[in-house]
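The structure appears below as structure tokens.
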Amino acid sequence: RFGTVRLCVRRDYVFEDSFHHIVLRKPEELKGKLNVVFQGEEGVDAGGLTREWYLTLSKQMLNPDKALFIQMSNGLTYQPNPSSHIQPDHLKYFKFAGQVVGKALWDEQLLDAHFTLSMYKHLLNLPIGYQDVEAVDPDFFRNLRWMLENNITDVLDETFSIVRSQFGEVLTIDLKPNGRNIDVTEDNKAEYVQLVAQQHLTTAIREQIDAFKEGFQELMPPELINIFTCSELELLMCGLPTIDVEDLKANTEYSGYTRDSPQIKWYWTFVQSLSQEDLARLVQFVTGTSQVPMEGFKALKGMND
């Protein structure tokens with residue numbers, strides 16, 4: 001049986017105060033029941049304060065001022081910031097963030113934190129493919145797909161390297177040894193696409209991912225978590241959204257069809273018959289996340305935005 005984990009935190013500094021509490025705990029201790037007190041506030045934690053702590057902490061964890069995570073172009077999902085090292089203790093913070101997510105699953109609590117598909121794949125030890133770039137950078141994904149589907153001879157002038165700007169300094173990063181001196185050709189373009197996707201989704205943030213996973217697996221070892229799909233893991237972490245089918249319908253654009261096409265009418269008849277859980281899976285499939293913007297689907301950025 002596990003003991004009680006008591007936390008006394010300042011509301012405006014939930015992230016920092018919680019970090020200093022939890023970093024000193026052993027993994028087995030963290031499996032104990034949380035008892036949260038917000039400093040200077042009255043209240044007994046009968047469960048409500050713990051839920052509030054998880055939601056507040058997850059929001060602060062993703063705050064851009066922390067420089068730990070960056071928001072994707074869809075405005076909804078996050079993944080580790082490759083420049084997080086501007087925070088001196090960034091890897092300790094990533095381990096802490098992983099512990100928080102793992103404990104939330106252990107405690108069956110929800111977080112206000114939606115990650116990219118590739119991030120869930122890392123947590124589940126699933127292979128990453130170039131298709132996963134779409135959820136991070138749709139424009140870059142379209143460029144990679146165009147390369148694979150078209151002959152690039154005398155069209156593109158690329159090498160096995162990328163150029164990245166970091167704090168005003170321009171860096172050239174090789175995707176393979178001496179990559180800046182190796183041309184991308186029609187024969188080797190598939191390798192280039194694989195390596196550049198790996199750089200974006202894994203290599204550039206390898207330390208951050210490993211630290212996050214270390215903390216996460218202290219409470220959620222692979223044998224417990226690997227039975228889930230990425231979609232299931234997101235729903236376990238963030239819960240089912242409330243999806244307004246009429247709002248979804250009103251903000252759907254059609255290509256090759258109109259809202260009066262028979263096929264479209266059949267589609268919406270089917271969608272309106274779905275449960276909230278199945279609707280969440282549909283939204284995940286279409287947008288890459290089950291999260292619905294506070295402003296509704298009109299605020300969701302599409303592939304053409």
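Quick note on naming: the chains in the structure tokens go A, B, ... in the order shown, residues restart at 1 in each chain, and ligands are numbered from 1 in order of appearance.
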
Inset, instruction - Mind listing the strand (DSSP E) residues of range 18-243 of chain A, per DSSP on the backbone, as a list in words? - result: Lys33, Leu34, Asn35, Val36, Val37, Phe38, Phe69, Ile70, Gln71, Tyr78, Gln79, Pro80, Ser161, Ile162, Val163, Arg164, Ser165, Gln166, Glu169, Val170, Leu171, Thr172, Ile173 and Asp174 of chain A

Inset, instruction - Within range 50-219 of chain A, find each residue whose DSSP state, derived from the backbone, is helix (DSSP H, G or I), and express the selection as a PyMOL selection string. - result: chain A and resi 50-62+64-66+84-86+90-107+117-123+130-135+138-149+179-181+189-201+203-219

Can you write just those residues out, C-alpha atoms, as a compact mmCIF listing (two decimals), in the first residue's frame?
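And here's selection16.txt as it stands now:
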# COMPACT_ATOMS: atom_id res chain seq x y z
CA THR A 50 -6.21 17.29 -7.10
CA ARG A 51 -8.13 17.56 -10.39
CA GLU A 52 -7.51 21.31 -10.43
CA TRP A 53 -3.80 20.74 -9.72
CA TYR A 54 -3.44 18.40 -12.72
CA LEU A 55 -5.21 20.79 -15.10
CA THR A 56 -3.34 23.87 -13.84
CA LEU A 57 0.02 22.11 -13.87
CA SER A 58 -0.42 20.75 -17.39
CA LYS A 59 -1.25 24.26 -18.68
CA GLN A 60 1.82 25.75 -16.97
CA MET A 61 3.98 22.91 -18.30
CA LEU A 62 3.08 23.91 -21.88
CA PRO A 64 5.78 29.05 -23.93
CA ASP A 65 7.55 31.06 -21.22
CA LYS A 66 8.90 27.76 -19.88
CA SER A 84 14.72 24.00 -24.58
CA HIS A 85 18.33 24.01 -23.38
CA ILE A 86 17.97 27.76 -22.78
CA HIS A 90 15.47 21.55 -18.96
CA LEU A 91 16.10 17.79 -18.90
CA LYS A 92 15.13 17.62 -15.21
CA TYR A 93 11.94 19.48 -16.11
CA PHE A 94 11.21 17.06 -18.95
CA LYS A 95 11.61 14.12 -16.59
CA PHE A 96 9.25 15.87 -14.19
CA ALA A 97 6.72 16.47 -17.01
CA GLY A 98 6.88 12.76 -17.83
CA GLN A 99 6.28 11.90 -14.17
CA VAL A 100 3.22 14.18 -14.12
CA VAL A 101 1.73 12.54 -17.22
CA GLY A 102 2.49 9.07 -15.88
CA LYS A 103 0.97 9.85 -12.49
CA ALA A 104 -2.14 11.33 -14.11
CA LEU A 105 -2.68 8.00 -15.89
CA TRP A 106 -1.95 6.11 -12.67
CA ASP A 107 -4.46 8.27 -10.77
CA LEU A 117 1.08 11.90 -32.85
CA SER A 118 4.83 11.32 -33.00
CA MET A 119 5.12 12.13 -29.27
CA TYR A 120 2.55 9.44 -28.43
CA LYS A 121 4.44 7.04 -30.69
CA HIS A 122 7.62 7.72 -28.75
CA LEU A 123 5.83 6.96 -25.47
CA TYR A 130 7.71 10.62 -42.57
CA GLN A 131 3.89 10.70 -42.59
CA ASP A 132 4.06 11.81 -38.94
CA VAL A 133 5.57 15.12 -40.10
CA GLU A 134 2.07 16.13 -41.28
CA ALA A 135 0.89 16.72 -37.71
CA PRO A 138 1.78 20.27 -42.94
CA ASP A 139 3.61 22.42 -45.53
CA PHE A 140 6.90 20.59 -45.01
CA PHE A 141 5.06 17.25 -45.18
CA ARG A 142 3.56 18.21 -48.55
CA ASN A 143 7.03 19.08 -49.83
CA LEU A 144 8.39 15.70 -48.73
CA ARG A 145 5.47 13.85 -50.30
CA TRP A 146 5.95 15.79 -53.55
CA MET A 147 9.61 14.71 -53.61
CA LEU A 148 8.64 11.05 -53.29
CA GLU A 149 5.90 11.23 -55.92
CA GLY A 179 25.81 15.07 -45.51
CA ARG A 180 26.29 18.69 -46.56
CA ASN A 181 28.50 17.43 -49.39
CA LYS A 189 15.60 10.78 -52.17
CA ALA A 190 13.69 8.15 -50.13
CA GLU A 191 16.62 7.96 -47.69
CA TYR A 192 16.71 11.76 -47.50
CA VAL A 193 12.99 11.97 -46.70
CA GLN A 194 13.37 9.34 -43.98
CA LEU A 195 16.39 11.08 -42.43
CA VAL A 196 14.97 14.61 -42.54
CA ALA A 197 11.73 13.38 -40.94
CA GLN A 198 13.75 11.57 -38.28
CA GLN A 199 15.69 14.79 -37.62
CA HIS A 200 12.50 16.81 -37.12
CA LEU A 201 10.60 14.28 -35.04
CA THR A 203 16.98 13.43 -33.47
CA ALA A 204 16.57 17.17 -32.74
CA ILE A 205 14.66 16.42 -29.54
CA ARG A 206 16.16 13.05 -28.54
CA GLU A 207 17.42 14.21 -25.14
CA GLN A 208 14.08 15.81 -24.27
CA ILE A 209 12.11 12.72 -25.34
CA ASP A 210 14.39 10.37 -23.41
CA ALA A 211 14.10 12.48 -20.23
CA PHE A 212 10.30 12.67 -20.57
CA LYS A 213 10.07 8.91 -21.13
CA GLU A 214 12.31 8.23 -18.12
CA GLY A 215 9.89 10.07 -15.85
CA PHE A 216 6.80 8.67 -17.58
CA GLN A 217 7.97 5.06 -17.31
CA GLU A 218 8.64 5.37 -13.57
CA LEU A 219 4.86 5.18 -13.17

Legend entry - Non-local contacts of range 234-249 of chain A (9 Å; only C-alpha atoms; under 3 positions in same chain excluded) as a PyMOL selection string: chain A and resi 101+104-105+108-115+120+229-231+252-253+268+271-272+276-277+279-281+283+289-292+296-298

Could the residues in this selection be saved with N, CA, C and O atoms as a compact mmCIF listing (two decimals), in the first residue's frame?
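File selection35.txt, as written:
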# COMPACT_ATOMS: atom_id res chain seq x y z
N VAL A 101 2.62 13.25 -16.28
CA VAL A 101 1.73 12.54 -17.22
C VAL A 101 1.52 11.10 -16.77
O VAL A 101 0.40 10.58 -16.78
N ALA A 104 -0.75 11.05 -13.73
CA ALA A 104 -2.14 11.33 -14.11
C ALA A 104 -2.82 10.06 -14.61
O ALA A 104 -3.97 9.77 -14.26
N LEU A 105 -2.12 9.27 -15.42
CA LEU A 105 -2.68 8.00 -15.89
C LEU A 105 -2.86 7.03 -14.73
O LEU A 105 -3.88 6.34 -14.64
N GLU A 108 -5.79 8.08 -12.81
CA GLU A 108 -7.00 8.21 -13.65
C GLU A 108 -7.52 9.65 -13.62
O GLU A 108 -8.71 9.91 -13.49
N GLN A 109 -6.58 10.59 -13.74
CA GLN A 109 -6.91 12.01 -13.80
C GLN A 109 -6.64 12.53 -15.21
O GLN A 109 -5.84 11.97 -15.95
N LEU A 110 -7.32 13.61 -15.59
CA LEU A 110 -7.19 14.17 -16.93
C LEU A 110 -6.26 15.36 -16.94
O LEU A 110 -6.13 16.10 -15.96
N LEU A 111 -5.60 15.55 -18.08
CA LEU A 111 -4.69 16.67 -18.28
C LEU A 111 -5.20 17.55 -19.40
O LEU A 111 -5.89 17.08 -20.31
N ASP A 112 -4.82 18.81 -19.37
CA ASP A 112 -5.11 19.72 -20.48
C ASP A 112 -3.83 19.83 -21.30
O ASP A 112 -3.17 20.87 -21.34
N ALA A 113 -3.45 18.72 -21.93
CA ALA A 113 -2.18 18.66 -22.66
C ALA A 113 -2.29 17.66 -23.79
O ALA A 113 -2.28 16.45 -23.55
N HIS A 114 -2.41 18.14 -25.01
CA HIS A 114 -2.49 17.28 -26.18
C HIS A 114 -1.16 17.33 -26.92
O HIS A 114 -0.70 18.40 -27.31
N PHE A 115 -0.54 16.17 -27.10
CA PHE A 115 0.75 16.09 -27.78
C PHE A 115 0.57 15.67 -29.24
O PHE A 115 -0.51 15.25 -29.66
N TYR A 120 3.21 10.65 -28.95
CA TYR A 120 2.55 9.44 -28.43
C TYR A 120 3.26 8.19 -28.92
O TYR A 120 3.39 7.21 -28.19
N THR A 229 -3.25 2.09 -28.37
CA THR A 229 -2.89 2.82 -29.57
C THR A 229 -2.64 4.28 -29.20
O THR A 229 -2.94 4.72 -28.09
N CYS A 230 -2.10 5.06 -30.15
CA CYS A 230 -1.88 6.48 -29.90
C CYS A 230 -3.19 7.20 -29.59
O CYS A 230 -3.25 8.04 -28.68
N SER A 231 -4.24 6.87 -30.33
CA SER A 231 -5.55 7.50 -30.11
C SER A 231 -6.08 7.17 -28.73
O SER A 231 -6.60 8.04 -28.02
N THR A 252 -17.11 22.51 -42.31
CA THR A 252 -16.44 21.53 -43.16
C THR A 252 -16.40 22.05 -44.60
O THR A 252 -17.39 22.54 -45.12
N GLU A 253 -15.22 21.98 -45.21
CA GLU A 253 -15.06 22.36 -46.62
C GLU A 253 -15.01 21.11 -47.47
O GLU A 253 -14.50 20.07 -47.05
N TRP A 268 -23.07 12.61 -43.39
CA TRP A 268 -23.51 13.31 -42.19
C TRP A 268 -24.59 12.54 -41.44
O TRP A 268 -24.66 12.60 -40.21
N VAL A 271 -22.46 10.22 -39.46
CA VAL A 271 -21.75 10.91 -38.38
C VAL A 271 -22.69 11.23 -37.22
O VAL A 271 -22.33 11.10 -36.05
N GLN A 272 -23.90 11.65 -37.53
CA GLN A 272 -24.86 12.01 -36.48
C GLN A 272 -25.32 10.82 -35.67
O GLN A 272 -25.85 10.98 -34.57
N GLN A 276 -20.23 9.84 -28.68
CA GLN A 276 -19.18 10.83 -28.46
C GLN A 276 -17.79 10.20 -28.57
O GLN A 276 -16.85 10.83 -29.07
N GLU A 277 -17.65 8.97 -28.11
CA GLU A 277 -16.35 8.29 -28.21
C GLU A 277 -15.95 8.10 -29.66
O GLU A 277 -14.80 8.36 -30.06
N LEU A 279 -17.12 9.80 -32.21
CA LEU A 279 -16.90 11.12 -32.78
C LEU A 279 -15.49 11.62 -32.46
O LEU A 279 -14.82 12.24 -33.30
N ALA A 280 -15.03 11.35 -31.24
CA ALA A 280 -13.68 11.74 -30.85
C ALA A 280 -12.65 11.04 -31.73
O ALA A 280 -11.66 11.64 -32.16
N ARG A 281 -12.89 9.78 -32.03
CA ARG A 281 -11.97 9.03 -32.90
C ARG A 281 -11.99 9.60 -34.32
O ARG A 281 -10.95 9.66 -34.99
N VAL A 283 -12.66 12.76 -35.15
CA VAL A 283 -11.95 14.04 -35.12
C VAL A 283 -10.44 13.79 -35.04
O VAL A 283 -9.64 14.49 -35.67
N THR A 289 -5.82 15.19 -33.62
CA THR A 289 -6.02 15.27 -32.18
C THR A 289 -7.51 15.30 -31.89
O THR A 289 -8.31 15.72 -32.73
N SER A 290 -7.87 14.82 -30.70
CA SER A 290 -9.28 14.84 -30.32
C SER A 290 -9.70 16.19 -29.74
O SER A 290 -10.87 16.41 -29.46
N GLN A 291 -8.75 17.10 -29.56
CA GLN A 291 -9.07 18.38 -28.94
C GLN A 291 -9.86 19.27 -29.89
O GLN A 291 -9.53 19.39 -31.07
N VAL A 292 -10.87 19.92 -29.37
CA VAL A 292 -11.67 20.88 -30.12
C VAL A 292 -11.32 22.27 -29.60
O VAL A 292 -11.35 22.50 -28.38
N GLY A 296 -14.58 26.57 -31.17
CA GLY A 296 -15.29 25.66 -32.07
C GLY A 296 -14.45 25.33 -33.29
O GLY A 296 -13.30 25.74 -33.42
N PHE A 297 -15.04 24.56 -34.21
CA PHE A 297 -14.30 24.07 -35.36
C PHE A 297 -13.89 25.18 -36.33
O PHE A 297 -13.00 24.99 -37.14
N LYS A 298 -14.54 26.34 -36.26
CA LYS A 298 -14.17 27.44 -37.15
C LYS A 298 -12.73 27.90 -36.88
O LYS A 298 -12.07 28.47 -37.75

Legend entry - Pairwise distance for CA of Arg10 in chain A and CA of Gln39 in chain A, rounded to one decimal in Å: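 According to the coordinates, CA of Arg10 in chain A and CA of Gln39 in chain A are separated by 5.1 Å.
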
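Distance annotation: of A:Asp137, A:Asp174, A:Asp260, A:Asp157, the residue with the minimal separation from Ser73 in chain A is A:Asp137; atom set is only C-alpha atoms.
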